[in-house]
Amino acid sequence: MTRWAMVADLRRCIGCQTCTAACKQANATPPGVQWRRVLDLELGEYPDVQRAFVPVGCQHCDDPPCMEVCPTRATGRRADGIVTIDYDLCIGCAYCAVACPYQARYKTQRAGFAFGDATVSEALRHDEARLAVATKCTFCVDRIDDGLAQGLVPGIDPSATPACVNACISKALSFGDLDDANGPVRRLLDENQHFRMHEELGTGPGFYYLWDKEAAP
Amino acid sequence: MTYGPDPWQQTQWDWRAALNVACGGAGSGLIVNATWAAAPGADPASLLLIGLALVGVGLGCVWLEIGRPWRALNVFINPRTSWMTREAYAAALLTALTLAAAAGRHGALGLAGAVALLFAYCQARMVNSARGIPAWRQPMLVPVLLGTALAEGAALLLIIRPTDAAGRPLLMTAFGVLVVLRAIAWWFYRSRLERVVAPPALRALDAAGRVLVLIGTTLPLLLLIGLAASGAAGAGAVLTVALAGVLVLASGLWFKYSLITRAGYNQGFALVHMPVRGTAR
């Protein structure tokens with residue numbers, strides 16, 4: 001079995017938002033919609049304050065709360081773990097958005113462009129089907145599927161890998177098959193201590209955060 | 001919009017969703033109460049139709065809120081897991097049965113009441129299934145929403161037919177019991193929110209809860225107890241009964257409005273470990 005997953009190394013992320021920009025470029029999301037974004041968190045109280053940059057987005061959960069509540073089955077989950085949205089079925093009720101504990105879903109009611117009128121690029125890539133329905137990170141599923149069809153390995157070959165991972169300048173983001181013992185994701189998880197966001201909710205996110213090297217035995 | 005560790009109020013469901021919960025609960029509650037509490041010999045049709053109209057207003061508000069209203073029938077696709085779909089099926093069934101009961105079809109009245117209860121339950125579970133909102137996913141919210149639906153339905157009965165209600169001690173007692181049960185459910189729900197819900201959401205709920213307990217429970221009960229003790233009758237009694245109903249109804253509607261539009265804070269983001277750079281702290 002294949003289970004696509006993403007890893008963010010919190011020690012490496014510098015909050016440059018290159019992944020955010022790459023995602024917007026790759027997916028042509030409108031202003032205000034960031035399928036991949038990086039939080040700039042300050043935690044603690046002076047003088048004991050720490051700062052962390054945290055990439056977030058759809059966690060492609062094992063048990064997605066968004067899918068359970070969806071009244072139309074527009075939200076689905078593939079056998080490889082990618083949570084999908086069928087824009088033609090979605091009615092835009094936003095039930096999934098309030099069910100998602102990761103604030104990963106967006107609904108854009110009408111077309112919006114960065115500078116008012118659409119630029120040539122925006123006009124070319126504008127998709128009416130994504131208006132007034134739920135949208136979110138797809139793990140760049142088209143790149144994955146196209147890459148697999150060409151015999152490429154997602155997470156290894158850039159053209160089969162999510163745009164945010166390709167763009168990351170500090171190699172903080174990695175992608176791959178969780179069930180591949182020799183893949184980059186499995187190796188990183190084996191070599192480092194990690195956690196998942198809001199794990200107590202039992203959603204089983206497919207997004208892991210590394211925070212320290214593996215403790216010495 | 002800002003993103004950070006601090007929770008923020010969800011913006012996807014606004015007053016229209018709140019009206020669905022408020023009107024749907026009160027309307028279905030009225031139908032439930034109309035099945036047993038309509039005065040002997042009195043035709044419950046008007047009560048049933050008002051209840052159904054309220055349910056319709058609530059669903060109409062949701063229809064105005066969804067992004068693709070002309071695909072609304074897709075809502076029926078997923079009864080296997082979605083409480084929104086189940087609510088839609090219950091609403092369809094409720095419409096048919098309530099109209100049949102209003103037309104005097106034998107046996108439809110009891111069924112309409114049962115399905116109205118089912119509708120209110122589906123609606124309560126629908127809100128409760130939104131796992132992204134801590135104040136909504138607390139299991140005790142289901143009895144709170146059911147309790148408010150029944151109490152507000154009874155309150156509507158008092159408002160619409162105060163003359164009938166004023167002369168029926170059993171009905172007034174049942175009304176009082178429903179109002180007290182609603183307050184008890186709120187108390188249990190509130191006791192489970194500490195350290196789970198964001199402070200601004202808690203403040204919004206506490207404000208609505210105070211209204212629910214003081215204006216929506218204590219005051220109407222005092223009015224009705226005073227009425228019973230004085231033995232007053234006539235226009236004064238009718239007005240007192242109607243006022244008690246208004247207080248219960250308004251406080252419940254305000255609570256549900258606050259729940260959706262003011263206490264709908266998500267849980268933000270949390271790091272259980274900070275990244276270790278250099279030496280661990």
# chains A, B, ... in the order shown; residues from 1 in each chain; ligands from 1
call {"tool": "closest_atom_pairs", "arguments": {"of": "chain A", "to": "chain B", "cutoff": "9 Å", "atoms": "only C-alpha atoms", "output": "JSON lines"}}
result
{"residue": "A:Asp9", "atom": "CA", "partner": "B:Pro275", "partner_atom": "CA", "distance": 8.3}
{"residue": "A:Leu10", "atom": "CA", "partner": "B:Pro275", "partner_atom": "CA", "distance": 5.5}
{"residue": "A:Arg11", "atom": "CA", "partner": "B:Pro275", "partner_atom": "CA", "distance": 5.2}
{"residue": "A:Arg12", "atom": "CA", "partner": "B:Arg277", "partner_atom": "CA", "distance": 8.8}
{"residue": "A:Gly32", "atom": "CA", "partner": "B:Met1", "partner_atom": "CA", "distance": 8.3}
{"residue": "A:Leu39", "atom": "CA", "partner": "B:Gly4", "partner_atom": "CA", "distance": 6.3}
{"residue": "A:Asp40", "atom": "CA", "partner": "B:Gly4", "partner_atom": "CA", "distance": 7.1}
{"residue": "A:Leu41", "atom": "CA", "partner": "B:Gly4", "partner_atom": "CA", "distance": 6.2}
{"residue": "A:Glu42", "atom": "CA", "partner": "B:Pro5", "partner_atom": "CA", "distance": 8.5}
{"residue": "A:Leu43", "atom": "CA", "partner": "B:Pro5", "partner_atom": "CA", "distance": 8.3}
{"residue": "A:Gln50", "atom": "CA", "partner": "B:Met274", "partner_atom": "CA", "distance": 7.8}
{"residue": "A:Arg51", "atom": "CA", "partner": "B:Met274", "partner_atom": "CA", "distance": 8.3}
{"residue": "A:Ala52", "atom": "CA", "partner": "B:Pro275", "partner_atom": "CA", "distance": 7.1}
{"residue": "A:Val54", "atom": "CA", "partner": "B:Leu271", "partner_atom": "CA", "distance": 8.9}
{"residue": "A:Pro65", "atom": "CA", "partner": "B:Arg131", "partner_atom": "CA", "distance": 6.7}
{"residue": "A:Cys66", "atom": "CA", "partner": "B:Ala130", "partner_atom": "CA", "distance": 8.4}
{"residue": "A:Met67", "atom": "CA", "partner": "B:Ser82", "partner_atom": "CA", "distance": 8.6}
{"residue": "A:Glu68", "atom": "CA", "partner": "B:Thr81", "partner_atom": "CA", "distance": 5.4}
{"residue": "A:Val69", "atom": "CA", "partner": "B:Ser82", "partner_atom": "CA", "distance": 4.4}
{"residue": "A:Cys70", "atom": "CA", "partner": "B:Ser82", "partner_atom": "CA", "distance": 5.9}
{"residue": "A:Pro71", "atom": "CA", "partner": "B:Val75", "partner_atom": "CA", "distance": 5.0}
{"residue": "A:Thr72", "atom": "CA", "partner": "B:Ile77", "partner_atom": "CA", "distance": 4.9}
{"residue": "A:Arg73", "atom": "CA", "partner": "B:Asn78", "partner_atom": "CA", "distance": 6.0}
{"residue": "A:Leu89", "atom": "CA", "partner": "B:Asn74", "partner_atom": "CA", "distance": 6.9}
{"residue": "A:Cys90", "atom": "CA", "partner": "B:Arg68", "partner_atom": "CA", "distance": 7.7}
{"residue": "A:Ile91", "atom": "CA", "partner": "B:Arg68", "partner_atom": "CA", "distance": 4.8}
{"residue": "A:Gly92", "atom": "CA", "partner": "B:Gly67", "partner_atom": "CA", "distance": 4.3}
{"residue": "A:Cys93", "atom": "CA", "partner": "B:Ile66", "partner_atom": "CA", "distance": 4.5}
{"residue": "A:Ala94", "atom": "CA", "partner": "B:Gln12", "partner_atom": "CA", "distance": 6.1}
{"residue": "A:Tyr95", "atom": "CA", "partner": "B:Ala130", "partner_atom": "CA", "distance": 7.2}
{"residue": "A:Cys96", "atom": "CA", "partner": "B:Ala130", "partner_atom": "CA", "distance": 7.8}
{"residue": "A:Ala97", "atom": "CA", "partner": "B:Gln12", "partner_atom": "CA", "distance": 7.1}
{"residue": "A:Val98", "atom": "CA", "partner": "B:Gly132", "partner_atom": "CA", "distance": 5.4}
{"residue": "A:Ala99", "atom": "CA", "partner": "B:Ala130", "partner_atom": "CA", "distance": 3.9}
{"residue": "A:Cys100", "atom": "CA", "partner": "B:Gly132", "partner_atom": "CA", "distance": 4.7}
{"residue": "A:Pro101", "atom": "CA", "partner": "B:Gly132", "partner_atom": "CA", "distance": 3.8}
{"residue": "A:Tyr102", "atom": "CA", "partner": "B:Gly132", "partner_atom": "CA", "distance": 7.3}
{"residue": "A:Gln103", "atom": "CA", "partner": "B:Gly132", "partner_atom": "CA", "distance": 7.8}
{"residue": "A:Tyr106", "atom": "CA", "partner": "B:Gln12", "partner_atom": "CA", "distance": 8.8}
{"residue": "A:Lys107", "atom": "CA", "partner": "B:Gly67", "partner_atom": "CA", "distance": 8.1}
{"residue": "A:Thr108", "atom": "CA", "partner": "B:Gly67", "partner_atom": "CA", "distance": 8.6}
{"residue": "A:Gln109", "atom": "CA", "partner": "B:Gly67", "partner_atom": "CA", "distance": 6.5}
{"residue": "A:Leu131", "atom": "CA", "partner": "B:Gly67", "partner_atom": "CA", "distance": 7.9}
{"residue": "A:Ala132", "atom": "CA", "partner": "B:Gly67", "partner_atom": "CA", "distance": 4.3}
{"residue": "A:Val133", "atom": "CA", "partner": "B:Gly67", "partner_atom": "CA", "distance": 6.0}
{"residue": "A:Ala134", "atom": "CA", "partner": "B:Gly67", "partner_atom": "CA", "distance": 8.9}
{"residue": "A:His194", "atom": "CA", "partner": "B:His273", "partner_atom": "CA", "distance": 8.5}
{"residue": "A:Phe195", "atom": "CA", "partner": "B:Val272", "partner_atom": "CA", "distance": 7.5}
{"residue": "A:Arg196", "atom": "CA", "partner": "B:Leu271", "partner_atom": "CA", "distance": 8.7}
{"residue": "A:Met197", "atom": "CA", "partner": "B:Ala270", "partner_atom": "CA", "distance": 6.8}
{"residue": "A:His198", "atom": "CA", "partner": "B:Ala270", "partner_atom": "CA", "distance": 7.0}
{"residue": "A:Leu201", "atom": "CA", "partner": "B:Arg131", "partner_atom": "CA", "distance": 8.3}
{"residue": "A:Leu210", "atom": "CA", "partner": "B:Pro275", "partner_atom": "CA", "distance": 7.5}
{"residue": "A:Trp211", "atom": "CA", "partner": "B:Pro275", "partner_atom": "CA", "distance": 4.2}
{"residue": "A:Asp212", "atom": "CA", "partner": "B:Val276", "partner_atom": "CA", "distance": 5.4}
{"residue": "A:Lys213", "atom": "CA", "partner": "B:Val276", "partner_atom": "CA", "distance": 8.4}
call {"tool": "residues_around", "arguments": {"residues": "range 153-160 of chain A", "least_positions_apart": "6", "cutoff": "10 Å", "atoms": "only C-alpha atoms", "output": "ChimeraX atom specification"}}
result
/A:4-6,140-147,166-167,173-177,183-185
call {"tool": "write_last_selection", "arguments": {"atoms": "C-alpha atoms", "output": "short mmCIF file (atom, residue, chain, number, x, y, z; two decimals), in the first residue's frame"}}
result
data_model
loop_
_atom_site.label_atom_id
_atom_site.label_comp_id
_atom_site.auth_asym_id
_atom_site.auth_seq_id
_atom_site.Cartn_x
_atom_site.Cartn_y
_atom_site.Cartn_z
CA TRP A 4 1.40 9.74 0.76
CA ALA A 5 2.54 11.97 3.59
CA MET A 6 4.40 15.20 4.15
CA CYS A 140 -0.56 18.49 -5.99
CA VAL A 141 -2.35 15.29 -6.86
CA ASP A 142 -2.15 15.93 -10.60
CA ARG A 143 1.63 16.08 -10.43
CA ILE A 144 1.70 12.87 -8.40
CA ASP A 145 -0.58 10.99 -10.77
CA ASP A 146 1.15 12.27 -13.90
CA GLY A 147 4.51 11.45 -12.41
CA ASN A 166 10.16 21.42 -4.60
CA ALA A 167 10.33 25.11 -3.74
CA LEU A 173 9.51 20.04 3.54
CA SER A 174 9.67 16.45 2.36
CA PHE A 175 7.12 14.23 0.69
CA GLY A 176 6.83 10.53 0.05
CA ASP A 177 5.24 7.21 0.75
CA GLY A 183 11.64 6.46 1.19
CA PRO A 184 12.52 9.95 2.42
CA VAL A 185 9.50 10.29 4.68
#
call {"tool": "atom_distance", "arguments": {"atom1": "CA of Thr173 in chain B", "atom2": "CA of Gly147 in chain B"}}
result
15.7 Å
call {"tool": "atom_distance", "arguments": {"atom1": "CA of Val177 in chain B", "atom2": "CA of Gly41 in chain B"}}
result
24.3 Å
call {"tool": "select_by_dssp", "arguments": {"residues": "range 94-248 of chain B", "states": "alpha helix (DSSP H)", "output": "MDAnalysis selection string"}}
result
chainID B and resid 94:102 108:128 134:137 141:160 162:166 169:191 199:210 219:230 235:248
call {"tool": "write_last_selection", "arguments": {"atoms": "C-alpha atoms", "output": "short mmCIF file (atom, residue, chain, number, x, y, z; two decimals), in the first residue's frame"}}
result
data_model
loop_
_atom_site.label_atom_id
_atom_site.label_comp_id
_atom_site.auth_asym_id
_atom_site.auth_seq_id
_atom_site.Cartn_x
_atom_site.Cartn_y
_atom_site.Cartn_z
CA LEU B 94 -41.44 16.13 8.47
CA THR B 95 -42.96 18.27 5.74
CA ALA B 96 -45.04 15.39 4.37
CA LEU B 97 -46.22 14.17 7.77
CA THR B 98 -46.95 17.63 9.16
CA LEU B 99 -49.03 18.55 6.12
CA ALA B 100 -50.87 15.24 6.42
CA ALA B 101 -51.48 15.85 10.12
CA ALA B 102 -52.66 19.40 9.45
CA ALA B 108 -50.15 11.39 11.06
CA LEU B 109 -50.06 13.66 14.09
CA GLY B 110 -48.08 11.30 16.30
CA LEU B 111 -45.70 10.45 13.47
CA ALA B 112 -45.17 14.14 12.73
CA GLY B 113 -44.26 14.72 16.36
CA ALA B 114 -41.81 11.82 16.35
CA VAL B 115 -40.14 13.01 13.14
CA ALA B 116 -40.01 16.59 14.46
CA LEU B 117 -38.07 15.24 17.42
CA LEU B 118 -35.83 13.35 15.02
CA PHE B 119 -35.28 16.52 13.01
CA ALA B 120 -34.25 18.45 16.12
CA TYR B 121 -31.90 15.61 17.05
CA CYS B 122 -30.33 15.58 13.57
CA GLN B 123 -29.81 19.31 13.77
CA ALA B 124 -28.18 19.04 17.18
CA ARG B 125 -25.88 16.27 15.94
CA MET B 126 -25.09 18.30 12.85
CA VAL B 127 -23.65 21.13 14.92
CA ASN B 128 -22.00 18.67 17.29
CA PRO B 134 -14.40 23.02 20.47
CA ALA B 135 -17.61 24.58 21.82
CA TRP B 136 -19.67 22.67 19.27
CA ARG B 137 -18.04 19.28 19.48
CA LEU B 141 -24.32 20.25 23.34
CA VAL B 142 -26.78 17.71 21.91
CA PRO B 143 -29.07 17.67 24.97
CA VAL B 144 -28.73 21.45 25.21
CA LEU B 145 -29.97 21.93 21.65
CA LEU B 146 -32.69 19.35 22.09
CA GLY B 147 -33.73 21.00 25.34
CA THR B 148 -33.84 24.43 23.77
CA ALA B 149 -35.89 23.09 20.84
CA LEU B 150 -38.51 21.58 23.12
CA ALA B 151 -38.63 24.51 25.54
CA GLU B 152 -38.89 27.04 22.72
CA GLY B 153 -41.55 24.97 21.01
CA ALA B 154 -43.58 24.99 24.21
CA ALA B 155 -42.93 28.72 24.55
CA LEU B 156 -44.31 29.27 21.06
CA LEU B 157 -47.40 27.34 22.07
CA LEU B 158 -47.89 29.71 24.99
CA ILE B 159 -47.36 32.73 22.77
CA ILE B 160 -49.72 31.57 20.02
CA PRO B 162 -52.06 31.93 25.66
CA THR B 163 -55.74 31.73 26.46
CA ASP B 164 -55.78 27.94 26.07
CA ALA B 165 -52.58 27.54 28.02
CA ALA B 166 -53.52 29.80 30.94
CA PRO B 169 -52.15 23.61 34.91
CA LEU B 170 -50.74 20.41 33.46
CA LEU B 171 -49.53 22.24 30.36
CA MET B 172 -48.02 25.01 32.44
CA THR B 173 -46.25 22.44 34.63
CA ALA B 174 -44.86 20.66 31.58
CA PHE B 175 -43.66 23.99 30.24
CA GLY B 176 -41.91 24.71 33.52
CA VAL B 177 -40.27 21.27 33.51
CA LEU B 178 -38.97 21.77 29.97
CA VAL B 179 -37.55 25.16 30.87
CA VAL B 180 -35.81 23.73 33.93
CA LEU B 181 -34.45 20.78 31.92
CA ARG B 182 -33.03 23.21 29.39
CA ALA B 183 -31.25 25.11 32.16
CA ILE B 184 -29.90 21.86 33.66
CA ALA B 185 -28.57 20.77 30.26
CA TRP B 186 -26.89 24.15 29.88
CA TRP B 187 -25.31 23.79 33.30
CA PHE B 188 -23.86 20.36 32.46
CA TYR B 189 -22.65 21.61 29.08
CA ARG B 190 -21.03 24.70 30.60
CA SER B 191 -19.26 22.65 33.28
CA PRO B 199 -11.69 32.45 26.48
CA PRO B 200 -13.59 34.73 24.07
CA ALA B 201 -15.91 31.86 23.15
CA LEU B 202 -16.42 31.11 26.83
CA ARG B 203 -17.27 34.74 27.53
CA ALA B 204 -19.82 34.73 24.70
CA LEU B 205 -21.37 31.51 25.99
CA ASP B 206 -21.44 32.77 29.56
CA ALA B 207 -23.20 35.93 28.49
CA ALA B 208 -25.80 33.94 26.55
CA GLY B 209 -26.02 31.43 29.43
CA ARG B 210 -26.79 34.19 31.91
CA LEU B 219 -38.03 35.10 35.41
CA PRO B 220 -40.67 33.09 33.50
CA LEU B 221 -40.87 30.53 36.29
CA LEU B 222 -41.39 33.30 38.84
CA LEU B 223 -44.08 34.78 36.63
CA LEU B 224 -45.91 31.48 36.33
CA ILE B 225 -45.54 30.60 40.01
CA GLY B 226 -46.83 34.04 40.91
CA LEU B 227 -49.74 33.54 38.56
CA ALA B 228 -50.59 30.18 40.07
CA ALA B 229 -50.27 31.50 43.61
CA SER B 230 -52.45 34.54 42.96
CA ALA B 235 -56.45 39.23 30.43
CA GLY B 236 -53.71 39.63 33.04
CA ALA B 237 -53.17 35.89 33.24
CA VAL B 238 -53.12 35.54 29.48
CA LEU B 239 -50.58 38.32 29.16
CA THR B 240 -48.40 36.79 31.86
CA VAL B 241 -48.43 33.42 30.14
CA ALA B 242 -47.55 34.97 26.79
CA LEU B 243 -44.77 37.02 28.39
CA ALA B 244 -43.30 33.89 29.97
CA GLY B 245 -43.31 32.28 26.55
CA VAL B 246 -41.62 35.26 24.93
CA LEU B 247 -38.86 35.27 27.55
CA VAL B 248 -38.15 31.56 27.10
#
call {"tool": "atom_distance", "arguments": {"atom1": "CA of Gly15 in chain A", "atom2": "CA of Phe53 in chain A"}}
result
5.2 Å
call {"tool": "select_by_dssp", "arguments": {"residues": "range 81-161 of chain A", "states": "strand (DSSP E or B)", "output": "ChimeraX atom specification"}}
result
/A:83-85,106-107,134-135
